[in-house]
>>> print(open('run33.pdb').read())   # PDB, C-alpha atoms, pLDDT in the B column
ATOM      1  CA  MET A   4      47.492  20.114 -28.154  1.00 62.00           C
ATOM      2  CA  SER A   5      48.553  21.690 -31.379  1.00 82.00           C
ATOM      3  CA  LEU A   6      47.665  25.300 -32.045  1.00 88.00           C
ATOM      4  CA  ASN A   7      46.079  26.403 -35.286  1.00 90.00           C
ATOM      5  CA  SER A   8      47.034  29.684 -36.963  1.00 92.00           C
ATOM      6  CA  LYS A   9      44.178  31.707 -35.428  1.00 94.00           C
ATOM      7  CA  GLN A  10      44.995  30.496 -31.922  1.00 92.00           C
ATOM      8  CA  ARG A  11      48.678  31.206 -32.479  1.00 94.00           C
ATOM      9  CA  ALA A  12      47.896  34.725 -33.750  1.00 94.00           C
ATOM     10  CA  TYR A  13      45.692  35.413 -30.714  1.00 93.00           C
ATOM     11  CA  LEU A  14      48.417  34.232 -28.324  1.00 94.00           C
ATOM     12  CA  ARG A  15      51.074  36.282 -30.142  1.00 94.00           C
ATOM     13  CA  GLY A  16      48.952  39.360 -29.512  1.00 93.00           C
ATOM     14  CA  GLN A  17      48.578  38.450 -25.836  1.00 93.00           C
ATOM     15  CA  ALA A  18      52.341  37.893 -25.519  1.00 93.00           C
ATOM     16  CA  GLN A  19      53.285  41.339 -26.831  1.00 93.00           C
ATOM     17  CA  ASN A  20      52.938  42.954 -23.419  1.00 92.00           C
ATOM     18  CA  LEU A  21      54.600  40.142 -21.484  1.00 93.00           C
ATOM     19  CA  ASP A  22      57.986  40.604 -19.898  1.00 94.00           C
ATOM     20  CA  THR A  23      60.761  38.145 -20.691  1.00 94.00           C
ATOM     21  CA  ILE A  24      60.998  36.015 -17.560  1.00 94.00           C
ATOM     22  CA  PHE A  25      63.540  33.389 -18.645  1.00 93.00           C
ATOM     23  CA  GLN A  26      67.008  33.653 -20.102  1.00 94.00           C
ATOM     24  CA  ILE A  27      68.868  30.625 -21.370  1.00 95.00           C
ATOM     25  CA  GLY A  28      72.627  31.060 -21.215  1.00 93.00           C
ATOM     26  CA  LYS A  29      75.810  29.093 -21.750  1.00 94.00           C
ATOM     27  CA  SER A  30      74.433  25.909 -20.154  1.00 93.00           C
ATOM     28  CA  GLY A  31      71.747  25.714 -22.826  1.00 92.00           C
ATOM     29  CA  VAL A  32      68.452  23.974 -22.203  1.00 93.00           C
ATOM     30  CA  THR A  33      68.820  21.828 -19.095  1.00 93.00           C
ATOM     31  CA  GLU A  34      66.380  19.732 -17.091  1.00 95.00           C
ATOM     32  CA  GLU A  35      66.382  22.425 -14.392  1.00 95.00           C
ATOM     33  CA  THR A  36      65.579  25.133 -16.940  1.00 93.00           C
ATOM     34  CA  ALA A  37      62.756  23.057 -18.396  1.00 95.00           C
ATOM     35  CA  GLN A  38      61.332  22.394 -14.927  1.00 96.00           C
ATOM     36  CA  ALA A  39      61.435  26.105 -14.015  1.00 95.00           C
ATOM     37  CA  ILE A  40      59.711  27.055 -17.262  1.00 96.00           C
ATOM     38  CA  LYS A  41      57.089  24.335 -16.766  1.00 95.00           C
ATOM     39  CA  THR A  42      56.346  25.687 -13.278  1.00 95.00           C
ATOM     40  CA  ALA A  43      55.878  29.174 -14.739  1.00 95.00           C
ATOM     41  CA  LEU A  44      53.685  27.798 -17.546  1.00 94.00           C
ATOM     42  CA  VAL A  45      51.426  26.011 -15.061  1.00 93.00           C
ATOM     43  CA  ALA A  46      50.965  29.303 -13.192  1.00 92.00           C
ATOM     44  CA  ARG A  47      50.815  31.721 -16.153  1.00 93.00           C
ATOM     45  CA  GLU A  48      50.005  29.606 -19.242  1.00 93.00           C
ATOM     46  CA  LEU A  49      51.979  31.944 -21.518  1.00 95.00           C
ATOM     47  CA  VAL A  50      55.659  32.802 -20.973  1.00 96.00           C
ATOM     48  CA  LYS A  51      58.318  34.640 -22.919  1.00 96.00           C
ATOM     49  CA  GLY A  52      61.971  33.646 -22.847  1.00 96.00           C
ATOM     50  CA  ARG A  53      65.231  34.728 -24.403  1.00 96.00           C
ATOM     51  CA  VAL A  54      68.297  32.866 -25.590  1.00 96.00           C
ATOM     52  CA  LEU A  55      71.562  34.650 -24.835  1.00 95.00           C
ATOM     53  CA  ASP A  56      74.481  34.824 -27.277  1.00 94.00           C
ATOM     54  CA  THR A  57      76.428  32.339 -25.150  1.00 94.00           C
ATOM     55  CA  CYS A  58      73.753  29.636 -25.494  1.00 93.00           C
ATOM     56  CA  PRO A  59      74.768  26.640 -27.650  1.00 93.00           C
ATOM     57  CA  GLN A  60      71.261  26.537 -29.206  1.00 93.00           C
ATOM     58  CA  ASN A  61      69.500  29.227 -31.174  1.00 95.00           C
ATOM     59  CA  ALA A  62      66.030  30.366 -30.074  1.00 95.00           C
ATOM     60  CA  LYS A  63      64.175  28.059 -32.468  1.00 96.00           C
ATOM     61  CA  ASP A  64      66.109  24.951 -31.402  1.00 95.00           C
ATOM     62  CA  ALA A  65      65.736  25.847 -27.716  1.00 95.00           C
ATOM     63  CA  SER A  66      61.991  26.372 -28.183  1.00 95.00           C
ATOM     64  CA  ILE A  67      61.574  23.006 -29.932  1.00 95.00           C
ATOM     65  CA  LEU A  68      63.608  21.228 -27.260  1.00 96.00           C
ATOM     66  CA  LEU A  69      61.621  22.848 -24.442  1.00 95.00           C
ATOM     67  CA  CYS A  70      58.320  21.917 -26.106  1.00 95.00           C
ATOM     68  CA  GLU A  71      59.439  18.284 -26.302  1.00 95.00           C
ATOM     69  CA  MET A  72      60.616  18.246 -22.683  1.00 95.00           C
ATOM     70  CA  ILE A  73      57.609  20.065 -21.199  1.00 95.00           C
ATOM     71  CA  GLY A  74      54.788  19.129 -23.571  1.00 94.00           C
ATOM     72  CA  CYS A  75      53.846  22.726 -24.347  1.00 94.00           C
ATOM     73  CA  ASP A  76      53.299  24.601 -27.618  1.00 94.00           C
ATOM     74  CA  SER A  77      55.609  27.107 -29.244  1.00 95.00           C
ATOM     75  CA  VAL A  78      53.673  30.257 -30.104  1.00 95.00           C
ATOM     76  CA  GLN A  79      56.448  32.174 -31.854  1.00 95.00           C
ATOM     77  CA  VAL A  80      60.178  32.624 -32.192  1.00 96.00           C
ATOM     78  CA  ILE A  81      61.562  36.010 -33.210  1.00 95.00           C
ATOM     79  CA  GLY A  82      65.289  36.631 -33.132  1.00 95.00           C
ATOM     80  CA  SER A  83      66.542  35.522 -29.729  1.00 95.00           C
ATOM     81  CA  LYS A  84      63.088  35.477 -28.075  1.00 96.00           C
ATOM     82  CA  PHE A  85      60.475  32.765 -27.896  1.00 96.00           C
ATOM     83  CA  VAL A  86      56.962  32.405 -26.494  1.00 96.00           C
ATOM     84  CA  LEU A  87      55.592  29.147 -25.064  1.00 96.00           C
ATOM     85  CA  PHE A  88      52.019  28.199 -24.136  1.00 95.00           C
ATOM     86  CA  LEU A  89      50.560  25.471 -21.915  1.00 94.00           C
ATOM     87  CA  LYS A  90      46.777  25.603 -21.483  1.00 89.00           C
ATOM     88  CA  LYS A  91      45.343  24.953 -18.037  1.00 86.00           C
ATOM     89  CA  ASP A  92      42.727  22.225 -17.769  1.00 80.00           C
ATOM     90  CA  LYS A  93      40.419  24.494 -15.767  1.00 80.00           C
ATOM     91  CA  ASP A  94      40.073  28.251 -15.406  1.00 80.00           C
ATOM     92  CA  SER A  95      42.187  29.167 -18.419  1.00 78.00           C
ATOM     93  CA  GLN A  96      42.504  32.903 -18.932  1.00 83.00           C
ATOM     94  CA  TYR A  97      42.991  32.406 -22.700  1.00 80.00           C
ATOM     95  CA  ASP A  98      39.846  31.677 -24.647  1.00 74.00           C
ATOM     96  CA  ILE A  99      41.085  29.170 -27.208  1.00 75.00           C
TER      97      ILE A  99
END
>>> encode(input="run33.pdb", output="structure tokens")
Amino acid sequence: MSLNSKQRAYLRGQAQNLDTIFQIGKSGVTEETAQAIKTALVARELVKGRVLDTCPQNAKDASILLCEMIGCDSVQVIGSKFVLFLKKDKDSQYDI
């Protein structure tokens, strides 16, 4: 699923109050990291992560890589933070 600009704007607003629950460090994006983020996405639908200074990728590259590995959508990337979205098939709390 690809998000249009209105959906992305809505999700950005919803993500403002979210806490950053993932940090990607010197190992970069690994299969274990992707699996942990996917598990959180299945439970929460919308997650915020952060790329540390020691990470070999920047936030945009990490977000793109995670989207390819997980099959989710990137909502936004600002500085070292990124927001990812994976809509539930049923009972989604986001009306998009």
>>> atom_distance(input="run33.pdb", atom1="CA of Lys93 in chain A", atom2="CA of Ile24 in chain A")
23.7 Å
>>> resolve_selection(input="run33.pdb", expression="the PyMOL selection byres ((chain A and resi 44) around 10)", output="number ranges by chain")
A: 38-43, 45-51, 73, 75, 87-91
>>> closest_residue(input="run33.pdb", among="A:Ser77, A:Lys84, A:Asn61, A:Gln96", to="Arg11 in chain A", atoms="all atoms listed in the file")
A:Ser77
>>> closest_residue(input="run33.pdb", among="A:Ser83, A:Asn20, A:Ser95, A:Thr36", to="Thr57 in chain A", atoms="all atoms listed in the file")
A:Ser83
>>> resolve_selection(input="run33.pdb", expression="the PyMOL selection byres ((chain A and resi 85) around 12)", output="PyMOL selection string")
chain A and resi 15+18-19+21-27+49-55+61-70+76-84+86-88
>>> atom_distance(input="run33.pdb", atom1="CA of Asp94 in chain A", atom2="CA of Ala12 in chain A")
21.0 Å
>>> closest_residue(input="run33.pdb", among="A:Leu6, A:Leu14, A:Cys58, A:Met72", to="Ser30 in chain A", atoms="only C-alpha atoms")
A:Cys58
>>> atom_distance(input="run33.pdb", atom1="CA of Asn7 in chain A", atom2="CA of Ile99 in chain A")
9.9 Å
>>> closest_residue(input="run33.pdb", among="A:Asp98, A:Asp56, A:Gly16, A:Glu34", to="Glu71 in chain A", atoms="all atoms listed in the file")
A:Glu34
>>> build_atoms(input="run33.pdb", residues="range 32-67 of chain A", atoms="N, CA and C atoms", output="PDB file, in the frame of the given file")
ATOM      1  N   VAL A  32      69.692  24.485 -22.784  1.00 93.00           N
ATOM      2  CA  VAL A  32      68.452  23.974 -22.203  1.00 93.00           C
ATOM      3  C   VAL A  32      68.796  22.778 -21.334  1.00 93.00           C
ATOM      4  N   THR A  33      68.559  22.906 -20.038  1.00 93.00           N
ATOM      5  CA  THR A  33      68.820  21.828 -19.095  1.00 93.00           C
ATOM      6  C   THR A  33      67.508  21.348 -18.485  1.00 93.00           C
ATOM      7  N   GLU A  34      67.569  20.252 -17.773  1.00 95.00           N
ATOM      8  CA  GLU A  34      66.380  19.732 -17.091  1.00 95.00           C
ATOM      9  C   GLU A  34      65.860  20.740 -16.069  1.00 95.00           C
ATOM     10  N   GLU A  35      66.780  21.423 -15.381  1.00 95.00           N
ATOM     11  CA  GLU A  35      66.382  22.425 -14.392  1.00 95.00           C
ATOM     12  C   GLU A  35      65.674  23.605 -15.062  1.00 95.00           C
ATOM     13  N   THR A  36      66.203  24.038 -16.188  1.00 93.00           N
ATOM     14  CA  THR A  36      65.579  25.133 -16.940  1.00 93.00           C
ATOM     15  C   THR A  36      64.177  24.738 -17.376  1.00 93.00           C
ATOM     16  N   ALA A  37      64.056  23.537 -17.929  1.00 95.00           N
ATOM     17  CA  ALA A  37      62.756  23.057 -18.396  1.00 95.00           C
ATOM     18  C   ALA A  37      61.761  22.975 -17.240  1.00 95.00           C
ATOM     19  N   GLN A  38      62.227  22.511 -16.091  1.00 96.00           N
ATOM     20  CA  GLN A  38      61.332  22.394 -14.927  1.00 96.00           C
ATOM     21  C   GLN A  38      60.879  23.771 -14.446  1.00 96.00           C
ATOM     22  N   ALA A  39      61.789  24.742 -14.434  1.00 95.00           N
ATOM     23  CA  ALA A  39      61.435  26.105 -14.015  1.00 95.00           C
ATOM     24  C   ALA A  39      60.428  26.726 -14.982  1.00 95.00           C
ATOM     25  N   ILE A  40      60.631  26.512 -16.267  1.00 96.00           N
ATOM     26  CA  ILE A  40      59.711  27.055 -17.262  1.00 96.00           C
ATOM     27  C   ILE A  40      58.357  26.365 -17.162  1.00 96.00           C
ATOM     28  N   LYS A  41      58.356  25.056 -16.921  1.00 95.00           N
ATOM     29  CA  LYS A  41      57.089  24.335 -16.766  1.00 95.00           C
ATOM     30  C   LYS A  41      56.305  24.865 -15.562  1.00 95.00           C
ATOM     31  N   THR A  42      56.998  25.126 -14.464  1.00 95.00           N
ATOM     32  CA  THR A  42      56.346  25.687 -13.278  1.00 95.00           C
ATOM     33  C   THR A  42      55.704  27.030 -13.603  1.00 95.00           C
ATOM     34  N   ALA A  43      56.425  27.871 -14.340  1.00 95.00           N
ATOM     35  CA  ALA A  43      55.878  29.174 -14.739  1.00 95.00           C
ATOM     36  C   ALA A  43      54.697  29.003 -15.693  1.00 95.00           C
ATOM     37  N   LEU A  44      54.784  28.040 -16.609  1.00 94.00           N
ATOM     38  CA  LEU A  44      53.685  27.798 -17.546  1.00 94.00           C
ATOM     39  C   LEU A  44      52.424  27.330 -16.832  1.00 94.00           C
ATOM     40  N   VAL A  45      52.589  26.490 -15.823  1.00 93.00           N
ATOM     41  CA  VAL A  45      51.426  26.011 -15.061  1.00 93.00           C
ATOM     42  C   VAL A  45      50.743  27.191 -14.372  1.00 93.00           C
ATOM     43  N   ALA A  46      51.526  28.138 -13.880  1.00 92.00           N
ATOM     44  CA  ALA A  46      50.965  29.303 -13.192  1.00 92.00           C
ATOM     45  C   ALA A  46      50.425  30.351 -14.159  1.00 92.00           C
ATOM     46  N   ARG A  47      51.144  30.593 -15.268  1.00 93.00           N
ATOM     47  CA  ARG A  47      50.815  31.721 -16.153  1.00 93.00           C
ATOM     48  C   ARG A  47      50.213  31.339 -17.494  1.00 93.00           C
ATOM     49  N   GLU A  48      50.438  30.138 -17.949  1.00 93.00           N
ATOM     50  CA  GLU A  48      50.005  29.606 -19.242  1.00 93.00           C
ATOM     51  C   GLU A  48      50.836  30.113 -20.425  1.00 93.00           C
ATOM     52  N   LEU A  49      51.249  31.349 -20.403  1.00 95.00           N
ATOM     53  CA  LEU A  49      51.979  31.944 -21.518  1.00 95.00           C
ATOM     54  C   LEU A  49      53.233  32.617 -20.972  1.00 95.00           C
ATOM     55  N   VAL A  50      54.408  32.208 -21.446  1.00 96.00           N
ATOM     56  CA  VAL A  50      55.659  32.802 -20.973  1.00 96.00           C
ATOM     57  C   VAL A  50      56.556  33.157 -22.150  1.00 96.00           C
ATOM     58  N   LYS A  51      57.370  34.175 -21.910  1.00 96.00           N
ATOM     59  CA  LYS A  51      58.318  34.640 -22.919  1.00 96.00           C
ATOM     60  C   LYS A  51      59.727  34.419 -22.380  1.00 96.00           C
ATOM     61  N   GLY A  52      60.589  33.889 -23.235  1.00 96.00           N
ATOM     62  CA  GLY A  52      61.971  33.646 -22.847  1.00 96.00           C
ATOM     63  C   GLY A  52      62.934  34.183 -23.886  1.00 96.00           C
ATOM     64  N   ARG A  53      64.195  34.182 -23.525  1.00 96.00           N
ATOM     65  CA  ARG A  53      65.231  34.728 -24.403  1.00 96.00           C
ATOM     66  C   ARG A  53      66.449  33.823 -24.354  1.00 96.00           C
ATOM     67  N   VAL A  54      67.070  33.645 -25.498  1.00 96.00           N
ATOM     68  CA  VAL A  54      68.297  32.866 -25.590  1.00 96.00           C
ATOM     69  C   VAL A  54      69.454  33.850 -25.720  1.00 96.00           C
ATOM     70  N   LEU A  55      70.404  33.759 -24.806  1.00 95.00           N
ATOM     71  CA  LEU A  55      71.562  34.650 -24.835  1.00 95.00           C
ATOM     72  C   LEU A  55      72.559  34.222 -25.916  1.00 95.00           C
ATOM     73  N   ASP A  56      73.477  35.112 -26.254  1.00 94.00           N
ATOM     74  CA  ASP A  56      74.481  34.824 -27.277  1.00 94.00           C
ATOM     75  C   ASP A  56      75.375  33.648 -26.904  1.00 94.00           C
ATOM     76  N   THR A  57      75.544  33.407 -25.611  1.00 94.00           N
ATOM     77  CA  THR A  57      76.428  32.339 -25.150  1.00 94.00           C
ATOM     78  C   THR A  57      75.767  30.960 -25.192  1.00 94.00           C
ATOM     79  N   CYS A  58      74.488  30.903 -25.474  1.00 93.00           N
ATOM     80  CA  CYS A  58      73.753  29.636 -25.494  1.00 93.00           C
ATOM     81  C   CYS A  58      74.171  28.803 -26.715  1.00 93.00           C
ATOM     82  N   PRO A  59      74.383  27.488 -26.514  1.00 93.00           N
ATOM     83  CA  PRO A  59      74.768  26.640 -27.650  1.00 93.00           C
ATOM     84  C   PRO A  59      73.636  26.449 -28.672  1.00 93.00           C
ATOM     85  N   GLN A  60      72.384  26.655 -28.274  1.00 93.00           N
ATOM     86  CA  GLN A  60      71.261  26.537 -29.206  1.00 93.00           C
ATOM     87  C   GLN A  60      70.786  27.924 -29.629  1.00 93.00           C
ATOM     88  N   ASN A  61      70.162  27.981 -30.802  1.00 95.00           N
ATOM     89  CA  ASN A  61      69.500  29.227 -31.174  1.00 95.00           C
ATOM     90  C   ASN A  61      68.085  29.192 -30.585  1.00 95.00           C
ATOM     91  N   ALA A  62      67.344  30.261 -30.711  1.00 95.00           N
ATOM     92  CA  ALA A  62      66.030  30.366 -30.074  1.00 95.00           C
ATOM     93  C   ALA A  62      65.061  29.309 -30.598  1.00 95.00           C
ATOM     94  N   LYS A  63      65.095  29.048 -31.887  1.00 96.00           N
ATOM     95  CA  LYS A  63      64.175  28.059 -32.468  1.00 96.00           C
ATOM     96  C   LYS A  63      64.465  26.663 -31.924  1.00 96.00           C
ATOM     97  N   ASP A  64      65.736  26.274 -31.912  1.00 95.00           N
ATOM     98  CA  ASP A  64      66.109  24.951 -31.402  1.00 95.00           C
ATOM     99  C   ASP A  64      65.779  24.820 -29.916  1.00 95.00           C
ATOM    100  N   ALA A  65      66.043  25.868 -29.146  1.00 95.00           N
ATOM    101  CA  ALA A  65      65.736  25.847 -27.716  1.00 95.00           C
ATOM    102  C   ALA A  65      64.231  25.717 -27.503  1.00 95.00           C
ATOM    103  N   SER A  66      63.445  26.426 -28.291  1.00 95.00           N
ATOM    104  CA  SER A  66      61.991  26.372 -28.183  1.00 95.00           C
ATOM    105  C   SER A  66      61.476  24.968 -28.498  1.00 95.00           C
ATOM    106  N   ILE A  67      61.989  24.361 -29.555  1.00 95.00           N
ATOM    107  CA  ILE A  67      61.574  23.006 -29.932  1.00 95.00           C
ATOM    108  C   ILE A  67      61.937  22.011 -28.837  1.00 95.00           C
TER     109      ILE A  67
END
